[in-house]
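This report concerns only the one structure given below.
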Amino acid sequence: MTDHPREGTVAAPGSPDFALHTLGWRAFQDLCAAVLREVWAQSIHTFADSNDGGRDGAFYGTWQQPPDPIGVQDVPDGPFVLQCKHTKKADTTLAPSDLDDEFAKVQALVDRGLCGSYVLLTNARVSGTSEATIRQRLLDAGVAYPLILDGQWICDTIATHQRLRTFVPRVYGLGDLSQILDERAYTQAQYLLSYLREELATFVVTDAYRRAAQAVQQHGFVLLLGEPAVGKSVIAATLAMTALDAWGCLTVNAHDAAELVRHWNPDEPNQFFWIDDAFGAVRHEPQLTDNWSRHMRQVMTAVHGGAKIVLTSRDYIYRDARPQLKEYAYPLLHEQQVVVDVAQLPLEERRQILYNHISLGDQPAEVRGKMKPHLEEAAAQNPFHPEVARRLGRQAFTRHLELSKNGVTDFMRRPTAFLRDLYTELGPDERAALALTYQAGEILPSPLTLDAAQQDVIVRLGSSPAGIDRALNALTGTFLRFSSSPGNETTTGWSFRHPTLQEGFAELLAANPNLLGVFLSGLQLEKMLTELDCGSDKQRGTLVKVPSTLYPFVAKRLQDLDPRHRKDHWEDFLWCNFFTTRCSDEFLKHYTETDPNFVSEMMNFGIYLGSDRKPEVLARLHQAELINTEQHEEIVQNLTEYAVSVPDSGWVDAPHWNIILSEEEREAIWEEVRSGLLSPTSTLLSDWSSNRWGNRDQTPEEYYAPLRESLEAYRDSLSHQPEIAEEFNRLLTEVDELIEEEKLEDDEEREAMQQPNVPPLNHILTTQPNPAATCHRSVFDDIDGY
């Protein structure tokens, strides 16, 4: 074994063995193409299976002697034909008779001038006698140069080419890492492999992974964002394994910024840090974000010094954390994001992900065979989550699965329904263990010491401490994982293996009135806002009805979870919609007493009065008589200012403003609008014109559109007063004239900036079509092993 793992190749003595038989035919064909491109340094073109004419791939043009001519000596110029033969059976030897169909096609390819050299690649073994027979039959068919490369050659090639493993990282899960890592890296890899071997074996190289790998190599930093269960952590883990192997990095799986800085060694620049759920696992945790903000200068210093850093975060959590991170001070945070969006997974990548998880899962061949006709449609379901694909390949999650088209596709589309049924079938010990884990939040510490609340859960579910110990061990690896606590590596315990498993268990708890308190204690903010009903008078069958005895508990939990930085429009909508539509007067009274700043926060509404949801909450609080006189006067004063100075007409027809304002108050606002906008001394148009210099990315029509809409709304509302309506028409005419003037100014400015005689671009970028996208042979063709 080399003493310098960062130089050249890294391979242990002996023959490596990767489980190539576990690949599907399509994945094996793609692997072969990648191997030949890397080793021979030639351009390899692959064909769709439906019209390959006996060729899985080809090479045209003048052969350039490769830097590493494994298996290739004195190769003549001319077209190459590449053919892949894959078998799902391990330890199989390829016989010449297995190629009878291929021999029949070779003569036709030679006659058409498409085959000067013929390269056969297989994952099976090829004996010396068989190789000689195959070569002779190819020579008899007119092939000038036949070459047979068996499974061992492919394994040897993977083991001795680090760059190849970087872009075909799935091989990390197919073989013994001691074959490709030195002892230092292998020791570090043990922890990662303890729960990542399955993920690595089923990994599919996606566009997000490629961009992430390039960003890490070029800039030393990448932030992986995406919704739950789309594969962020698997990409990060795969990059960690690549760093251990191909980049020779010392790899650290840190929990937060402080731990990263603590392990950063300025004298060891080649370090790789991987931090999962950097800003919180299922909700934004401000203390973690503050930790990053305080240590960011040191983190970026480590990057500039050669360290490589990968962070992951749910997209909605990062949106909440971003204002605290001061992106403008650290451009890498903005420039090097790789957004893992399920919409960016092409159908072919979805198919391969689903294939890998089912092929390497524990479903019997008979079950896989019954699934096979429905897997194409299952891969096309929206949403598509790799984590759900993994569960479809595991018997533990499919006990109730109906092996029909609707059954398989519904599993992919609505996994929580199957999880609810699955949890119902678990025994009392297993359900109690999961309930304790759910109640604990981030982690259920080990060793387990039960307090009174936990004892109550155990009794309610009919379990015992001994039963809990057994169940926790039994569930680890499928539903739970045993690891250290985020931010505190000295504390170990149990947590849900994936957040969606936790969310599915919440549905079971919510259906049991005796466990409603446990359910609420583990429910996160978004779920509380979308799934609870705290006394509304409407029938909402899908919501969980909260009894009035639990109002104080829910109010306190909402206050504790509210981030107070709801910059995201969707989060703000959920928050306001909950108080507007789901709460009784009694609950609102409990909440305003629990959170004394709630009313003043809702009073902090802004412009766009027609779309801001805070006034809707104010209207609901007004109905519940929870707004005092002083607060009411301030609300009317703020509204009047926006109605005139912006001007904003969103209050005119909005039902919630009709609830808040009395007739006298509405008439007073109208008087302010008339006197403020129609006065000869009004500076409205000059103010809008001056402010446009900060919005030159908009056309004049786009910029002035909100102003025109408000003036038109005021005019239409006052149509019963023709003289005043005509004044607004005059003002609208002045706005149109201003738009035309600024359009002329913009045109003159663009003409002045134009560069004459600019030569056209002299190269055209083209995208090679993905041959797999037109392939009529299903990726799932051999999913059942045949």
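By convention in this document, the chains of the structure tokens carry letters A, B, ... by their order, each chain's residues are numbered from 1, and ligands are numbered from 1 in the order they are shown.
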
Contacts of region 114-118 of chain A within 6 Å, only C-alpha atoms, excl. fewer than 3 positions in-chain, as JSON, numbers by chain: {"A": [78, 79, 80, 81, 109, 110, 143, 144, 145, 146]}

Include C-alpha atoms and write out the residues we just selected as a PDB file, in the first residue's frame.
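Output (result31.pdb):
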ATOM      1  CA  GLY A  78     -11.375   2.982 -37.295  1.00  0.00           C
ATOM      2  CA  PRO A  79     -14.743   2.588 -35.654  1.00  0.00           C
ATOM      3  CA  PHE A  80     -15.009   0.741 -32.362  1.00  0.00           C
ATOM      4  CA  VAL A  81     -18.110  -1.167 -31.288  1.00  0.00           C
ATOM      5  CA  LEU A 109     -21.765  -4.279 -38.618  1.00  0.00           C
ATOM      6  CA  VAL A 110     -18.451  -5.157 -40.322  1.00  0.00           C
ATOM      7  CA  VAL A 143     -13.391  -7.861 -36.738  1.00  0.00           C
ATOM      8  CA  ALA A 144      -9.834  -6.538 -36.986  1.00  0.00           C
ATOM      9  CA  TYR A 145      -9.245  -6.177 -33.279  1.00  0.00           C
ATOM     10  CA  PRO A 146     -11.430  -8.024 -30.724  1.00  0.00           C
TER      11      PRO A 146
END

Polymer residues at most 10 Å from region 624-638 of chain A, only C-alpha atoms, same-chain spacing of 4 or more positions, as a VMD selection string: chain A and resid 584 to 586 588 to 589 592 599 to 600 602 to 607 615 618 to 620 642 to 643 657 660 to 661 665 to 666 668 to 669

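Once Leu288 (chain A) and its same-chain neighbours fewer than 6 positions away are set aside, Asp256, Ala257, Ala278, Phe279 and Gly280 of chain A remain within 8 Å of it when counting only C-alpha atoms.
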
Okay, now the selection with N, CA, C and O atoms, as a JSON list (two decimals), in the first residue's frame?
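What follows is the written file out-v1.json:
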[["chain", "number", "residue", "atom", "x", "y", "z"],
["A", 256, "ASP", "N", -21.89, 21.20, 14.33],
["A", 256, "ASP", "CA", -22.17, 22.63, 14.23],
["A", 256, "ASP", "C", -20.88, 23.37, 13.92],
["A", 256, "ASP", "O", -19.80, 22.77, 13.78],
["A", 257, "ALA", "N", -20.98, 24.69, 13.81],
["A", 257, "ALA", "CA", -19.82, 25.49, 13.43],
["A", 257, "ALA", "C", -18.73, 25.43, 14.49],
["A", 257, "ALA", "O", -17.53, 25.40, 14.17],
["A", 278, "ALA", "N", -27.58, 21.76, 9.18],
["A", 278, "ALA", "CA", -26.72, 22.76, 9.82],
["A", 278, "ALA", "C", -27.49, 23.77, 10.66],
["A", 278, "ALA", "O", -26.95, 24.30, 11.64],
["A", 279, "PHE", "N", -28.74, 24.06, 10.29],
["A", 279, "PHE", "CA", -29.49, 25.11, 10.99],
["A", 279, "PHE", "C", -30.72, 24.55, 11.71],
["A", 279, "PHE", "O", -31.61, 25.31, 12.10],
["A", 280, "GLY", "N", -30.76, 23.24, 11.88],
["A", 280, "GLY", "CA", -31.88, 22.60, 12.55],
["A", 280, "GLY", "C", -32.40, 21.42, 11.74],
["A", 280, "GLY", "O", -32.37, 21.46, 10.51]]

Shortest interatomic distance to Val299 (chain A) - which of A:Ile468, A:Val252, A:Ala124, A:Ala258, counting only C-alpha atoms: A:Ala258

Residue neighbourhood Thr93 (chain A), 9 Å, only C-alpha atoms, exclusion window fewer than 4 positions, as an MDAnalysis selection string: chainID A and resid 124:127

Serialized selection, C-alpha atoms, as a PDB file, in the first residue's frame:
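Below is the file that was written, again.pdb:
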ATOM      1  CA  ALA A 124     -19.031 -12.182 -15.446  1.00  0.00           C
ATOM      2  CA  ARG A 125     -15.743 -14.106 -15.355  1.00  0.00           C
ATOM      3  CA  VAL A 126     -14.233 -15.163 -18.685  1.00  0.00           C
ATOM      4  CA  SER A 127     -11.965 -18.221 -18.747  1.00  0.00           C
TER       5      SER A 127
END

Distance query Ser521 (chain A) at most 10 Å, only C-alpha atoms, self and fewer than 4 positions along chain excluded, as an NGL selection string: :A and (438-441 or 516-517 or 553-554 or 557)

Would you save the residues from that selection as a CSV table (one decimal), in the first residue's frame, using all heavy atoms?
chain,number,residue,atom,x,y,z
A,438,TYR,N,-40.4,10.1,19.9
A,438,TYR,CA,-41.2,11.3,19.4
A,438,TYR,C,-41.3,12.4,20.4
A,438,TYR,O,-41.0,13.6,20.2
A,438,TYR,CB,-42.5,10.9,18.9
A,438,TYR,CG,-43.4,12.0,18.4
A,438,TYR,CD1,-43.4,12.3,17.1
A,438,TYR,CD2,-44.3,12.7,19.3
A,438,TYR,CE1,-44.2,13.4,16.6
A,438,TYR,CE2,-45.1,13.7,18.8
A,438,TYR,CZ,-45.0,14.1,17.4
A,438,TYR,OH,-45.8,15.1,17.0
A,439,GLN,N,-41.6,12.0,21.6
A,439,GLN,CA,-41.8,13.0,22.7
A,439,GLN,C,-40.5,13.7,23.1
A,439,GLN,O,-40.5,14.9,23.4
A,439,GLN,CB,-42.4,12.3,24.0
A,439,GLN,CG,-42.7,13.2,25.1
A,439,GLN,CD,-43.2,12.4,26.3
A,439,GLN,OE1,-42.5,11.4,26.7
A,439,GLN,NE2,-44.3,12.8,26.9
A,440,ALA,N,-39.4,13.0,22.9
A,440,ALA,CA,-38.1,13.5,23.3
A,440,ALA,C,-37.6,14.6,22.4
A,440,ALA,O,-36.8,15.4,22.7
A,440,ALA,CB,-37.1,12.4,23.4
A,441,GLY,N,-38.2,14.7,21.2
A,441,GLY,CA,-37.8,15.7,20.2
A,441,GLY,C,-36.5,15.3,19.4
A,441,GLY,O,-36.6,14.4,18.6
A,516,LEU,N,-53.0,12.6,22.9
A,516,LEU,CA,-53.0,13.9,22.2
A,516,LEU,C,-51.9,14.8,22.8
A,516,LEU,O,-51.3,15.5,22.1
A,516,LEU,CB,-54.4,14.5,22.3
A,516,LEU,CG,-54.6,15.7,21.4
A,516,LEU,CD1,-54.3,15.4,20.0
A,516,LEU,CD2,-56.0,16.3,21.6
A,517,GLY,N,-51.7,14.7,24.1
A,517,GLY,CA,-50.7,15.5,24.7
A,517,GLY,C,-49.3,15.2,24.2
A,517,GLY,O,-48.5,16.0,24.0
A,553,PHE,N,-51.5,24.8,26.9
A,553,PHE,CA,-50.3,24.0,26.5
A,553,PHE,C,-50.0,24.4,25.0
A,553,PHE,O,-48.8,24.7,24.7
A,553,PHE,CB,-50.6,22.5,26.6
A,553,PHE,CG,-49.4,21.7,26.1
A,553,PHE,CD1,-48.3,21.5,26.9
A,553,PHE,CD2,-49.4,21.2,24.8
A,553,PHE,CE1,-47.3,20.7,26.5
A,553,PHE,CE2,-48.4,20.4,24.4
A,553,PHE,CZ,-47.3,20.2,25.2
A,554,VAL,N,-51.0,24.4,24.2
A,554,VAL,CA,-50.8,24.7,22.8
A,554,VAL,C,-50.3,26.2,22.6
A,554,VAL,O,-49.4,26.5,21.8
A,554,VAL,CB,-52.1,24.5,21.9
A,554,VAL,CG1,-51.9,25.0,20.5
A,554,VAL,CG2,-52.4,23.0,21.9
A,557,ARG,N,-46.7,26.4,23.6
A,557,ARG,CA,-45.8,25.7,22.6
A,557,ARG,C,-45.7,26.5,21.3
A,557,ARG,O,-44.6,26.6,20.7
A,557,ARG,CB,-46.3,24.3,22.3
A,557,ARG,CG,-45.4,23.5,21.3
A,557,ARG,CD,-45.5,22.1,21.5
A,557,ARG,NE,-44.7,21.4,20.5
A,557,ARG,CZ,-43.4,21.2,20.6
A,557,ARG,NH1,-42.8,21.7,21.6
A,557,ARG,NH2,-42.8,20.6,19.6

Residue nearest Thr206 (chain A) - candidates A:Thr238, A:Arg112, A:Val646, A:Thr580, atoms counted: only C-alpha atoms: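 Selected residue with least distance to Thr206 (chain A): A:Thr238.
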
A:Gln214, A:Asp533, A:Glu737, A:Phe780 ranked by distance to Ala378 (chain A), top pick (using only C-alpha atoms): A:Phe780

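Reported to one decimal place, the separation of CA of Leu550 (chain A) from CA of Glu430 (chain A) is 26.7 Å.
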
Residues near Lys370 (chain A), cut-off 9 Å, only C-alpha atoms, skip fewer than 5 positions along chain, as a PyMOL selection string: chain A and resi 365+403-404+784

Can I get the selection written as a PDB file, in the first residue's frame, with N, CA and C atoms?
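Heads up, here's the output in result34.pdb:
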ATOM      1  N   ALA A 365     -37.979 -12.045  -4.621  1.00  0.00           N
ATOM      2  CA  ALA A 365     -38.060 -11.935  -6.079  1.00  0.00           C
ATOM      3  C   ALA A 365     -39.507 -11.961  -6.559  1.00  0.00           C
ATOM      4  N   LEU A 403     -50.085  -5.077  -4.177  1.00  0.00           N
ATOM      5  CA  LEU A 403     -49.173  -5.152  -5.318  1.00  0.00           C
ATOM      6  C   LEU A 403     -49.935  -4.953  -6.627  1.00  0.00           C
ATOM      7  N   SER A 404     -50.527  -3.778  -6.738  1.00  0.00           N
ATOM      8  CA  SER A 404     -51.270  -3.400  -7.937  1.00  0.00           C
ATOM      9  C   SER A 404     -50.766  -2.035  -8.380  1.00  0.00           C
ATOM     10  N   ASP A 784     -36.451  -8.320 -11.070  1.00  0.00           N
ATOM     11  CA  ASP A 784     -36.747  -9.537 -10.325  1.00  0.00           C
ATOM     12  C   ASP A 784     -35.672 -10.599 -10.495  1.00  0.00           C
TER      13      ASP A 784
END

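All residues within region 224-259 of chain A that the backbone DSSP calculation assigns to alpha helix (DSSP H) are Lys232, Ser233, Val234, Ile235, Ala236, Ala237, Thr238, Leu239, Ala240, Met241, Thr242, Ala243, Leu244, Asp245, Ala257, Ala258 and Glu259 of chain A.
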
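You will find CA of Asn577 (chain A) at 23.1 Å from CA of Glu285 (chain A).
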
Atomic distance CA of Val216 (chain A) - CA of Gln287 (chain A), expressed in Å with one decimal: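 Atom-to-atom, CA of Val216 (chain A) to CA of Gln287 (chain A), that is 26.3 Å.
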